[in-house]
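**Student:** The following block contains the structure, expressed as structure tokens.
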Amino acid sequence: MYSQAKRLSQLALSPVLLALTLFSSGAWASNGQRWETNMTTSVTEVGQKIYDLHMLVFWICVIVGVVVFGFLFYSVFAFRKSQGAKASNFHENTTLEVAWTIVPFLILVVMAWPATTTLIEIYDTDDADIDILVTGYQWKWKYEYIIPEGDNISFFSNLLTDKSEIYNTAEKGSNYLLEVDEPMVIPVDKKIRFLITANDVLHAWWVPALAVKKDAIPGFINESWTRAEETGVYRGQCAELCGRDHGYMPIVVNVVEQAEYDQWLAGKQAEAAEIKQLMAQTFSMDELMQRGKAVYTRSCVACHGANGEGGVGKPIAGSPIATGGVSEHIGLMINGVPGSAMQAFGGQLNDVELAAVVTYSRNAFGNNMGDKVQPIDIYNFKKGQ
Amino acid sequence: MGAHGPAKGLSRWLFTTNHKDIGSMYLWFSFAMFLLGGSFAMIIRAELFQPGLQIVEPEFFNQMTTMHGLVMVFGAIMPAFVGLANWMIPLMIGAPDMALPRMNNWSFWILPPAFALLASTLFMEGGGPNFGWTFYAPLSTTYAPPSVTYFIFGVHIMGLSSIMGAINIIATIVNMRAPGMTYMKMPLFVWTWLITAFLLVAVMPVLAGAVTMMLMDIHFGTSFFSAAGGGDPVLFQHVFWFFGHPEVYIIILPGFGVVSQIIPTFSRKPLFGYDSMVYATASIAFLSFIVWAHHMYTVGMPIAGELFFMYATMLIAVPTAAKVFNWITTMFKGSLTFETPMLFSIAFVFLFTVGGFSGLMLAIAPADFQYHDTYFVVAHFHYTMVAGAIFSMSAAVYYWLPKWTGKMYNETMGKTHFWVSFVGFNLTFFPQHFVGLAGMPRRIPDYNLMFADFNMMSSIGAFIYGASQLLFLFNVVRTITHGEKIDDPKVWDGAHGLEWTVPTPAPYHTFTTPPEVKESEAHG
Amino acid sequence: MASQGNTGHEVYYVPESSKLAVCATIGLVLTIFGAASGINDGTFGDPNESTNSWFIFWVGLAFFAATLFVWFKTAITEHLAGKNSAQLKRSYVIGMQWFIFSEVMFFFAFFLALFYIRWFAAPWLAGEGDAGRSNYLLWGDFSYSWPLMQTPQDAIGGVANQVMANNGVFSGPERSMAFPGFGELFKWLPFYNTVILLTSSVTVHWAHHALLHDDRKKFHQWLTVTVLLGVVFVGLQILEYYEAYAHYGLTLETGVYGTTFFMLTGFHGFHVAMGMIMLLIQLLRSVMKGHFTKDDHFGFAASSWYWHFVDVVWIFLMLVVYIF
Ligand code: HEA
Ligand code: HEA
Ligand code: CUA
Ligand SMILES: [Cu+2]
């Protein structure tokens, strides 16, 4: 909970708290601890190795630091002129200089060894049980489960935190900015391979507890993997500056028992089948407007405003596109406007959603075109491209 | 010739060819940029004071981060050290001026318009650069605001300035040393600058190449950074960091030089291991060319590349270690006093080493998978750049200010500046290690509650540190206007070197005929 | 001729204050500002657009050029007046050498790009290597060969099928500029360019040789030949670009092959043009003003180093852009 006065008073006590919590290892499983000072411990074997490596290097630095700074402070303290110190005049000692070249080198070798073995393990992405294609978009993630036989299933994962919390008009929850509408779900104790890419700019997919951080690069697929050993909810964030809402594209991964995963997957597949069916359906104006409004609120408001008045994007109200030819309008939605923030929604929204949002744009905000666009129109347009 | 004093009025500064005038202009300009970049940092820290959005919108926050980084690196630190080089190198090697005085003036004068151009982008349609000081494509190309074109040309001009400045410094050092001033007798500040200048000439053109590729991709349809045409966004990072990593040593090496002048002075003892200092600096410069991809451990390089860059990066600790040990051994069995320059220098050795340690941790590739792009990195580079470059710069100003102005600064105020800076600095940046490790990404305007406490500490520290810089400014200005006059050429009783043989304040023209360098006047 | 100080050392000439730097700054800034605005407001190459950007650009450039002219003239005048000590001349030599080094590093950036694309990026896109093994998901059966005649985008049938956002159409060229084999050698423009540029490096050397022997006439002759060879080189390069655009379908927009081809040869060609102008100026100085003596001709020497530098760059280009 967030109380200003309480925090300020704690801040005054912070040195004490710090001393207490310094490098105590706290897990960052479901929600993080305040005053956490050290690296998130991991629920994977590799992650644990990284953690140990981190601590090894840290302690080596501490020891070297104690020696070096000890020598520094001793010199500063012992040879004060005010205490009558007289300067000697030596300025060379080859033995000493050779020694302090070789010793650090040997220390480095001690670090390099475990670093190398760990790295080799991290790079071994073979023999995965499940492949998931992770695509970064400005500013959301798309997860596509690659199903060897049958259709892949895919969905987007958006920030759930409400604007009111961000703008301080509502109390912030404990998962503030680290919550999404649809988390990734994976089974425990299975090797999951992430195929990471991006649609627009660079992003980076990072979940500390799973010990995965990999850049998402448009046009290239990077591989990474994890094997979570404990069920739980693990949270992370995009870790590469990707534009305005870089701070607002969290990642949530639910690690569940295999059975639960199977059930979840079956549910998703059923949902996909349903959408497939909807695609073939013809909707009434009301249905389209209703669905369109939902899509608009979810995907478009951020740039075009609640009343289509525009913002980052051009206004929809009275827009020459939304009040012009249908196929130009569909084309713009599918392909976006290259070089502008207006993305290609063809790959992000399904045909039902596209049909609905086009219809909605043409008939809301005072645009009174009266025409309907059906999923089949979208399908045909895509095919004709 | 030679007897003339400076011209009067504005034209003195506009048309000057005098290394001291030009040095002063660089120093003032860089201080102005430091205040500007610092103000941007204050906006960042104010927004990060608590979670939630209070002061600025994310879009503007990104512009602040970007401009803060750019202005500090290119506007504050680099020109500051070039200013020092202008003032001190001719004095230290017994030269009448820089080798190419008119070009020297030009190198300076193209900087203010370049930064004016850069700053003006904040007011342009679509806003200023918002893609980080590393301006990774395609965020800085396809997805950039239109002002990026001005940014690109601004970088070109800054690069031109740096290249000309560096060539001038090389020519001066190589060609203008007084008789008897052999290479291995040069003060270390001159040595570090010679090597820095070499780095500048080598990598600034590469940066120019990088922004030129951006320009082509944005406006002329090329596909350097687009996979659709066979290019690769990561190519940008390789080109950028080929410049960028040597750049961080460009930032720190002159600071090493400054500290190597100051510590012997206030230890009243010659620098320990002069030769090894020179070789260490050269090794650092050499290694800096083969470590660049340690900024890119997470881009998906093949493992062989990853290992190569990891080992090479770790190696840099060896020559740096030699330097640190040399400084400390210089103090060992000395006769130490703690005037402001010395305080800043000791803090430099201490805090820079802390930054070096975190650098070493970052160098460990598997661990960097967890550190990368978090506040741990931010903490690392402020320990090296603020406690490194800025502290050494502050030390240099206090150290040479009496020589420049013929007046003594106020020691109490200087020490206050130091202690407030020291506390403020550590309060700002030490907690950033913690939030970084705990998982706070960098370049975000807003964060989860678990990071709140340390961020608040950090912001408070930043305001303290920032305020102490105003004290610094005040002290310098007051010295110039009201400082106590001194005329001892030596200023500091332990000082060595040619710059302390000319009168105080240093006359407008010095060494119009070169001095003969005696053994005892060689490096400190 | 250098002036002597009372200690017997030469005195280094430090010019009194000068307006040159400030004028050059104004010129440069106007040029840059005009160019940036012109590129930005989309009026690039469109004379009918009524904006002032290109006007600013041209005014700035003219002013800049004029300043440089005066600058060099001043330096030459001072030199002829005997103000320059041997030491100052060494400063100029060092300055020029490091300037050329900086140019080398500029080209290095573009060579780095070329090698990175050829050795890593493009093969990865085609699924080669561990780093690229999943990329078939994005680019189907795109395959790598150099010159890259088919872009990844082409390989999957155009923009519409692309998984990533559409930020441009990159269609491969119809033909490349690569070495066509010895049978076609004499129909291949770059072959002539190589011969020309190599020859010109020799002729400029002969000119230098003539100057060292005080043979003014031969100096002028060989220098003229060198400049003319430069003109022919640039002319042929323009012809080559025309061919590329008109007959080969090879443009800046044809993916990384076109990109690297034009950027590398383009910057090289630009440097040849600069070097040519530098040499031409030295020729005019000698012909019209009788500048240079057999042991004092820095302006000419510097220009000829520059010329050798563009020659060496060309040899690398020839090897990695055209042949291998
Ligand atoms: C002045 C600037 C400066 C300096 C000097 C350094 C010095 C070093 N840096 Fe730093 N670095 C930056 C500025 C600097 N850095 C910046 C600006 C960034 C971020 C850029 C961005 O992304 O925006 C960065 C980022 C950065 C990264 C990338 C992190 C990431 O993004 O994930 C790495 C990784 O290897 C790194 C490593 C190092 C190392 C190994 C050194 C070494 O040189 C340090 C050597 C010193 C010591 C080690 C201490 C002294 C030694 C001893 C006392 C002896 C013995 C010690 C042992 C044997 C343990 N730095
Ligand atoms: C040499 C370079 C340098 C210097 C000196 C500094 C100095 C400071 N920097 Fe840094 N910084 C960078 C280089 C530097 N920085 C770089 C390269 C980045 C990365 C950018 C990127 O991600 O792209 C960065 C990023 C960066 C961040 C991360 C931003 C983000 O990721 O979003 C933060 C956050 O705290 C920060 C803070 C500060 C602070 C508080 C100072 C202070 O030391 C500044 C102190 C100075 C002043 C404050 C000015 C003087 C005072 C006034 C003008 C009066 C007003 C004062 C008050 C109101 C108190 N900087
Ligand atoms: Cu996506 Cu940052
Ligand atoms: Cu680096």
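Within each chain, counting starts at residue 1; across the structure tokens, chains are named A, B, ... in the order shown, with ligands numbered 1 upward in that order.
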Could you write out as a PyMOL selection string the residues of chain C within 6 Å of chain B, counting only C-alpha atoms?

**Tutor:** chain C and resi 17-19+21+25+36+91+94-95+102+105-106+109+122+131+151-153+170+252-253+255-256+259

**Student:** Would you export the selected residues with N, CA and C atoms as a compact mmCIF listing (two decimals), in the first residue's frame, please?

**Tutor:**
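Result file follows (selection-v5.txt):
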# COMPACT_ATOMS: atom_id res chain seq x y z
N SER C 17 44.17 37.53 -34.26
CA SER C 17 42.78 37.08 -34.33
C SER C 17 42.27 37.16 -35.76
N SER C 18 41.29 36.34 -36.06
CA SER C 18 40.87 36.16 -37.44
C SER C 18 39.37 35.92 -37.52
N LYS C 19 38.76 36.48 -38.55
CA LYS C 19 37.32 36.30 -38.71
C LYS C 19 36.98 35.01 -39.45
N ALA C 21 37.23 31.80 -38.92
CA ALA C 21 36.53 30.69 -38.29
C ALA C 21 35.04 31.00 -38.14
N THR C 25 31.96 29.08 -39.82
CA THR C 25 30.88 28.52 -39.02
C THR C 25 29.52 28.91 -39.58
N ALA C 36 19.12 20.07 -44.08
CA ALA C 36 18.22 19.31 -43.21
C ALA C 36 16.77 19.70 -43.47
N SER C 91 53.40 20.93 -38.75
CA SER C 91 52.03 20.86 -38.22
C SER C 91 51.03 20.60 -39.34
N ILE C 94 51.29 16.97 -40.40
CA ILE C 94 50.65 16.08 -39.43
C ILE C 94 49.13 16.20 -39.53
N GLY C 95 48.68 17.44 -39.63
CA GLY C 95 47.24 17.67 -39.74
C GLY C 95 46.65 16.92 -40.92
N SER C 102 41.28 10.01 -40.62
CA SER C 102 39.87 10.08 -40.23
C SER C 102 38.97 9.69 -41.40
N MET C 105 38.74 6.02 -41.61
CA MET C 105 37.81 5.46 -40.64
C MET C 105 36.36 5.67 -41.07
N PHE C 106 36.09 6.76 -41.79
CA PHE C 106 34.74 6.96 -42.30
C PHE C 106 34.38 5.84 -43.27
N ALA C 109 33.58 2.49 -41.63
CA ALA C 109 32.22 2.25 -41.15
C ALA C 109 31.39 1.57 -42.24
N ALA C 122 22.72 -11.13 -43.77
CA ALA C 122 21.95 -11.68 -44.88
C ALA C 122 21.94 -13.21 -44.86
N ALA C 131 22.50 -18.80 -35.53
CA ALA C 131 21.79 -17.56 -35.22
C ALA C 131 20.60 -17.35 -36.14
N THR C 151 15.55 -9.77 -52.55
CA THR C 151 15.52 -9.39 -51.15
C THR C 151 14.64 -10.39 -50.39
N PRO C 152 14.80 -10.45 -49.07
CA PRO C 152 13.92 -11.32 -48.29
C PRO C 152 12.45 -11.02 -48.57
N GLN C 153 12.16 -9.73 -48.76
CA GLN C 153 10.78 -9.36 -49.03
C GLN C 153 10.28 -9.98 -50.33
N PHE C 170 11.23 -3.12 -50.90
CA PHE C 170 12.61 -3.37 -51.34
C PHE C 170 12.59 -4.54 -52.32
N LEU C 252 18.99 2.64 -55.08
CA LEU C 252 19.18 2.64 -53.64
C LEU C 252 18.12 1.79 -52.94
N GLU C 253 16.96 1.66 -53.61
CA GLU C 253 15.85 0.97 -52.95
C GLU C 253 15.82 -0.53 -53.21
N GLY C 255 17.23 -3.04 -51.87
CA GLY C 255 17.78 -3.90 -50.81
C GLY C 255 19.24 -3.62 -50.54
N VAL C 256 19.85 -4.49 -49.75
CA VAL C 256 21.20 -4.18 -49.28
C VAL C 256 22.25 -4.19 -50.37
N THR C 259 21.98 -0.77 -51.72
CA THR C 259 22.37 0.13 -50.63
C THR C 259 23.89 0.21 -50.50

**Student:** Taking only C-alpha atoms into account, find every residue of chain B that has an atom no more than 7 Å from chain A, and write it out as a ChimeraX atom specification.

**Tutor:** /B:52-54,58-59,131,138-139,142-143,227-228,268-273,298-300,314,318,322,328,331-337,357,361,364,366-367,369-370,373,434-435,437-439,441,443-451,453

**Student:** Residues of chain C that have any atom at most 6 Å from an atom of chain A: could you tabulate them with the shortest-distance atom pair and the distance in Å to one decimal, using only C-alpha atoms, ordered by chain and increasing number, as a Markdown table?

**Tutor:**
| residue | atom | partner | partner_atom | distance |
| --- | --- | --- | --- | --- |
| C:Ser134 | CA | A:Ile221 | CA | 6.0 |
| C:Asn135 | CA | A:Ile221 | CA | 5.6 |
| C:Met164 | CA | A:Asn199 | CA | 4.2 |
| C:Ala165 | CA | A:Asp200 | CA | 5.5 |
| C:Asn166 | CA | A:Pro338 | CA | 5.6 |
| C:Asn167 | CA | A:Pro338 | CA | 5.0 |

**Student:** Using only C-alpha atoms for the distances, tell me which of B:Thr313, B:Met25, B:Leu307, B:Gln237 is nearest to C:Tyr116.

**Tutor:** B:Gln237

**Student:** For ligand 1, collect every residue having any atom at a distance of at most 6 Å from a ligand atom (counting only C-alpha atoms and all ligand atoms); output as a JSON list (two decimals) with N, CA, C and O atoms, in the first residue's frame.

**Tutor:**
[["chain", "number", "residue", "atom", "x", "y", "z"],
["A", 61, "CYS", "N", 34.69, -8.91, -6.16],
["A", 61, "CYS", "CA", 34.85, -7.46, -6.18],
["A", 61, "CYS", "C", 34.90, -6.90, -4.76],
["A", 61, "CYS", "O", 35.65, -5.97, -4.49],
["A", 104, "PRO", "N", 45.52, -9.68, -10.88],
["A", 104, "PRO", "CA", 44.18, -9.45, -11.41],
["A", 104, "PRO", "C", 43.85, -10.37, -12.57],
["A", 104, "PRO", "O", 42.73, -10.85, -12.70],
["A", 107, "ILE", "N", 42.71, -13.59, -11.25],
["A", 107, "ILE", "CA", 41.35, -13.45, -10.70],
["A", 107, "ILE", "C", 40.32, -13.50, -11.81],
["A", 107, "ILE", "O", 39.27, -14.12, -11.70],
["A", 108, "LEU", "N", 40.67, -12.85, -12.92],
["A", 108, "LEU", "CA", 39.74, -12.83, -14.05],
["A", 108, "LEU", "C", 39.49, -14.23, -14.59],
["A", 108, "LEU", "O", 38.38, -14.58, -14.97],
["B", 248, "VAL", "N", 33.59, 5.92, -24.43],
["B", 248, "VAL", "CA", 33.58, 6.01, -22.97],
["B", 248, "VAL", "C", 35.01, 6.17, -22.43],
["B", 248, "VAL", "O", 35.20, 6.79, -21.39],
["B", 249, "TYR", "N", 35.98, 5.66, -23.16],
["B", 249, "TYR", "CA", 37.36, 5.92, -22.71],
["B", 249, "TYR", "C", 37.82, 7.31, -23.13],
["B", 249, "TYR", "O", 38.66, 7.91, -22.45],
["B", 251, "ILE", "N", 35.98, 9.67, -22.76],
["B", 251, "ILE", "CA", 35.44, 10.44, -21.65],
["B", 251, "ILE", "C", 36.31, 10.32, -20.40],
["B", 251, "ILE", "O", 36.47, 11.27, -19.66],
["B", 252, "ILE", "N", 36.89, 9.15, -20.18],
["B", 252, "ILE", "CA", 37.57, 8.95, -18.90],
["B", 252, "ILE", "C", 39.07, 9.19, -18.95],
["B", 252, "ILE", "O", 39.67, 9.60, -17.96],
["B", 294, "HIS", "N", 30.05, -5.84, -25.96],
["B", 294, "HIS", "CA", 29.55, -6.13, -24.61],
["B", 294, "HIS", "C", 28.31, -5.31, -24.28],
["B", 294, "HIS", "O", 27.67, -5.53, -23.28],
["B", 295, "HIS", "N", 27.99, -4.35, -25.14],
["B", 295, "HIS", "CA", 26.72, -3.63, -24.97],
["B", 295, "HIS", "C", 25.58, -4.38, -25.64],
["B", 295, "HIS", "O", 24.44, -3.95, -25.59],
["B", 313, "THR", "N", 36.63, -7.83, -22.85],
["B", 313, "THR", "CA", 36.16, -6.80, -21.92],
["B", 313, "THR", "C", 36.77, -6.99, -20.53],
["B", 313, "THR", "O", 37.22, -6.04, -19.90],
["B", 314, "MET", "N", 36.80, -8.23, -20.10],
["B", 314, "MET", "CA", 37.35, -8.48, -18.76],
["B", 314, "MET", "C", 38.81, -8.05, -18.69],
["B", 314, "MET", "O", 39.27, -7.53, -17.68],
["B", 316, "ILE", "N", 40.24, -5.57, -19.82],
["B", 316, "ILE", "CA", 40.46, -4.14, -19.56],
["B", 316, "ILE", "C", 40.70, -3.88, -18.08],
["B", 316, "ILE", "O", 41.34, -2.90, -17.70],
["B", 317, "ALA", "N", 40.20, -4.76, -17.24],
["B", 317, "ALA", "CA", 40.42, -4.55, -15.80],
["B", 317, "ALA", "C", 41.91, -4.55, -15.47],
["B", 317, "ALA", "O", 42.33, -3.90, -14.51],
["B", 320, "THR", "N", 43.62, -1.15, -16.14],
["B", 320, "THR", "CA", 42.98, -0.17, -15.25],
["B", 320, "THR", "C", 43.42, -0.40, -13.81],
["B", 320, "THR", "O", 43.65, 0.55, -13.06],
["B", 321, "ALA", "N", 43.53, -1.68, -13.45],
["B", 321, "ALA", "CA", 44.01, -2.00, -12.11],
["B", 321, "ALA", "C", 45.38, -1.37, -11.89],
["B", 321, "ALA", "O", 45.62, -0.73, -10.86],
["B", 324, "VAL", "N", 45.03, 2.22, -10.99],
["B", 324, "VAL", "CA", 44.51, 2.45, -9.65],
["B", 324, "VAL", "C", 45.61, 2.21, -8.61],
["B", 324, "VAL", "O", 45.82, 3.02, -7.70],
["B", 353, "THR", "N", 36.63, 3.28, -9.12],
["B", 353, "THR", "CA", 36.89, 1.85, -8.96],
["B", 353, "THR", "C", 35.58, 1.10, -8.69],
["B", 353, "THR", "O", 35.36, 0.01, -9.22],
["B", 356, "GLY", "N", 34.11, 0.70, -11.84],
["B", 356, "GLY", "CA", 34.85, -0.32, -12.59],
["B", 356, "GLY", "C", 34.43, -1.72, -12.18],
["B", 356, "GLY", "O", 34.26, -2.61, -13.01],
["B", 357, "PHE", "N", 34.20, -1.90, -10.88],
["B", 357, "PHE", "CA", 33.74, -3.21, -10.40],
["B", 357, "PHE", "C", 32.39, -3.57, -11.02],
["B", 357, "PHE", "O", 32.19, -4.68, -11.50],
["B", 359, "GLY", "N", 31.33, -2.48, -13.74],
["B", 359, "GLY", "CA", 31.61, -2.73, -15.15],
["B", 359, "GLY", "C", 32.07, -4.17, -15.35],
["B", 359, "GLY", "O", 31.63, -4.84, -16.28],
["B", 360, "LEU", "N", 32.90, -4.62, -14.45],
["B", 360, "LEU", "CA", 33.38, -5.99, -14.55],
["B", 360, "LEU", "C", 32.24, -6.98, -14.40],
["B", 360, "LEU", "O", 32.17, -8.01, -15.08],
["B", 362, "LEU", "N", 29.19, -6.39, -15.25],
["B", 362, "LEU", "CA", 28.44, -6.33, -16.51],
["B", 362, "LEU", "C", 29.14, -7.09, -17.62],
["B", 362, "LEU", "O", 28.50, -7.57, -18.55],
["B", 363, "ALA", "N", 30.45, -7.17, -17.50],
["B", 363, "ALA", "CA", 31.21, -7.83, -18.56],
["B", 363, "ALA", "C", 30.94, -9.33, -18.61],
["B", 363, "ALA", "O", 31.16, -9.96, -19.63],
["B", 368, "ASP", "N", 25.11, -10.51, -17.36],
["B", 368, "ASP", "CA", 24.59, -9.32, -18.02],
["B", 368, "ASP", "C", 23.19, -9.55, -18.59],
["B", 368, "ASP", "O", 22.42, -8.61, -18.77],
["B", 371, "TYR", "N", 21.41, -8.09, -15.92],
["B", 371, "TYR", "CA", 21.68, -6.66, -15.64],
["B", 371, "TYR", "C", 21.28, -5.75, -16.79],
["B", 371, "TYR", "O", 20.94, -4.59, -16.58],
["B", 372, "HIS", "N", 21.39, -6.27, -18.01],
["B", 372, "HIS", "CA", 21.30, -5.40, -19.17],
["B", 372, "HIS", "C", 20.02, -4.57, -19.20],
["B", 372, "HIS", "O", 18.94, -5.07, -18.89],
["B", 373, "ASP", "N", 20.19, -3.30, -19.57],
["B", 373, "ASP", "CA", 19.06, -2.38, -19.67],
["B", 373, "ASP", "C", 18.28, -2.23, -18.38],
["B", 373, "ASP", "O", 17.07, -2.00, -18.40],
["B", 377, "VAL", "N", 22.93, -0.84, -14.83],
["B", 377, "VAL", "CA", 23.80, -0.24, -15.85],
["B", 377, "VAL", "C", 23.87, 1.27, -15.64],
["B", 377, "VAL", "O", 24.94, 1.88, -15.74],
["B", 381, "PHE", "N", 27.33, 3.39, -15.10],
["B", 381, "PHE", "CA", 27.96, 4.43, -15.92],
["B", 381, "PHE", "C", 27.93, 5.80, -15.28],
["B", 381, "PHE", "O", 28.73, 6.65, -15.64],
["B", 384, "THR", "N", 31.14, 5.76, -13.32],
["B", 384, "THR", "CA", 32.33, 6.03, -14.13],
["B", 384, "THR", "C", 32.31, 7.44, -14.71],
["B", 384, "THR", "O", 33.35, 8.06, -14.83],
["B", 385, "MET", "N", 31.14, 7.91, -15.08],
["B", 385, "MET", "CA", 31.13, 9.20, -15.79],
["B", 385, "MET", "C", 30.95, 10.40, -14.86],
["B", 385, "MET", "O", 31.53, 11.44, -15.10]]

**Student:** For C:Val70, please output as a list in words all residues within 12 Å (counting only C-alpha atoms; exclusion window: fewer than 4 positions along the same chain).

**Tutor:**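 The filter keeps Ser18, Lys19, Leu20, Ala21, Cys23, Ala24, Phe63, Phe64, Ala65, Ala66, Thr74, Ala75, Ile76 and Thr77 of chain C.
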
**Student:** Give as a PyMOL selection string the residues surrounding ligand 4 up to a distance of 8 Å, considering only C-alpha atoms and all ligand atoms.

**Tutor:** chain B and resi 241+244-246+248+288+291-295

**Student:** Would you save the residues from that selection as a PDB file, in the first residue's frame, using N, CA, C and O atoms?

**Tutor:**
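What ended up in part21.pdb:
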ATOM      1  N   TRP B 241      28.377   1.054 -31.501  1.00  0.00           N
ATOM      2  CA  TRP B 241      29.239   0.728 -30.370  1.00  0.00           C
ATOM      3  C   TRP B 241      30.699   0.635 -30.762  1.00  0.00           C
ATOM      4  O   TRP B 241      31.578   0.744 -29.912  1.00  0.00           O
ATOM      5  N   GLY B 244      30.985   3.804 -29.860  1.00  0.00           N
ATOM      6  CA  GLY B 244      30.526   4.112 -28.505  1.00  0.00           C
ATOM      7  C   GLY B 244      31.428   3.608 -27.408  1.00  0.00           C
ATOM      8  O   GLY B 244      31.617   4.279 -26.408  1.00  0.00           O
ATOM      9  N   HIS B 245      31.985   2.426 -27.583  1.00  0.00           N
ATOM     10  CA  HIS B 245      32.828   1.997 -26.476  1.00  0.00           C
ATOM     11  C   HIS B 245      34.119   2.805 -26.370  1.00  0.00           C
ATOM     12  O   HIS B 245      34.428   3.311 -25.297  1.00  0.00           O
ATOM     13  N   PRO B 246      34.877   2.979 -27.469  1.00  0.00           N
ATOM     14  CA  PRO B 246      36.033   3.881 -27.334  1.00  0.00           C
ATOM     15  C   PRO B 246      35.616   5.252 -26.791  1.00  0.00           C
ATOM     16  O   PRO B 246      36.355   5.874 -26.041  1.00  0.00           O
ATOM     17  N   VAL B 248      33.588   5.920 -24.428  1.00  0.00           N
ATOM     18  CA  VAL B 248      33.585   6.008 -22.967  1.00  0.00           C
ATOM     19  C   VAL B 248      35.008   6.173 -22.431  1.00  0.00           C
ATOM     20  O   VAL B 248      35.202   6.789 -21.388  1.00  0.00           O
ATOM     21  N   SER B 288      39.965  -1.025 -26.192  1.00  0.00           N
ATOM     22  CA  SER B 288      38.647  -0.414 -26.364  1.00  0.00           C
ATOM     23  C   SER B 288      38.076  -0.649 -27.759  1.00  0.00           C
ATOM     24  O   SER B 288      36.874  -0.545 -27.967  1.00  0.00           O
ATOM     25  N   VAL B 291      36.023  -4.520 -27.847  1.00  0.00           N
ATOM     26  CA  VAL B 291      35.089  -4.964 -26.812  1.00  0.00           C
ATOM     27  C   VAL B 291      33.665  -4.472 -27.053  1.00  0.00           C
ATOM     28  O   VAL B 291      32.793  -4.705 -26.233  1.00  0.00           O
ATOM     29  N   TRP B 292      33.438  -3.803 -28.182  1.00  0.00           N
ATOM     30  CA  TRP B 292      32.202  -3.038 -28.296  1.00  0.00           C
ATOM     31  C   TRP B 292      30.933  -3.843 -28.070  1.00  0.00           C
ATOM     32  O   TRP B 292      29.955  -3.339 -27.542  1.00  0.00           O
ATOM     33  N   ALA B 293      30.956  -5.119 -28.462  1.00  0.00           N
ATOM     34  CA  ALA B 293      29.688  -5.854 -28.405  1.00  0.00           C
ATOM     35  C   ALA B 293      29.291  -6.263 -26.986  1.00  0.00           C
ATOM     36  O   ALA B 293      28.270  -6.915 -26.815  1.00  0.00           O
ATOM     37  N   HIS B 294      30.052  -5.841 -25.958  1.00  0.00           N
ATOM     38  CA  HIS B 294      29.555  -6.128 -24.609  1.00  0.00           C
ATOM     39  C   HIS B 294      28.313  -5.309 -24.282  1.00  0.00           C
ATOM     40  O   HIS B 294      27.673  -5.534 -23.276  1.00  0.00           O
ATOM     41  N   HIS B 295      27.991  -4.351 -25.142  1.00  0.00           N
ATOM     42  CA  HIS B 295      26.724  -3.633 -24.975  1.00  0.00           C
ATOM     43  C   HIS B 295      25.577  -4.385 -25.638  1.00  0.00           C
ATOM     44  O   HIS B 295      24.441  -3.950 -25.595  1.00  0.00           O
TER      45      HIS B 295
END

**Student:** Mind giving me the straight-line distance from atom CA of C:Val312 to atom CA of B:Ile250 in Å, one decimal?

**Tutor:** 29.2 Å

**Student:** What is the atom CA of C:Leu228 to atom CA of C:Trp71 distance in Å?

**Tutor:** 26.4 Å

**Student:** Please give the complete set of residues from stretch 229-328 of chain A that DSSP, run on the backbone, assigns to alpha helix (DSSP H), formatted as a PyMOL selection string.

**Tutor:** chain A and resi 258-279+285-295+301-304+326-328

**Student:** Could you state the separation of atom CA of B:Ile390 and atom CA of B:Ser458 in Å, given to one decimal place?

**Tutor:**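 That distance, rounded to one decimal, is 18.2 Å.
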
**Student:** Using only C-alpha atoms and all ligand atoms, which residues of the polymer chains come no farther than 7 Å from ligand 2? I'd like the answer as a ChimeraX atom specification.

**Tutor:** /B:34-39,41-42,44-45,62,65-66,68-70,72-73,76-77,132-134,378,382,385-386,389-390,425,428,442-445,462-467,469-470

**Student:** Looking at B:Ile460, B:Glu484, B:Thr374, B:Thr141, which one is nearest to ligand 3, with distances taken over only C-alpha atoms and all ligand atoms?

**Tutor:**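 Answer, going by the shortest atom-to-atom distance: B:Thr374.
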
**Student:** Could you list, as a list in words, every residue within 9 Å of A:Phe155, counting only C-alpha atoms and ignoring same-chain residues fewer than 3 positions away?

**Tutor:**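 Counting only the stated atoms, we get Trp141, Lys142, Tyr143, Glu144, Glu182 and Gln348 of chain A.
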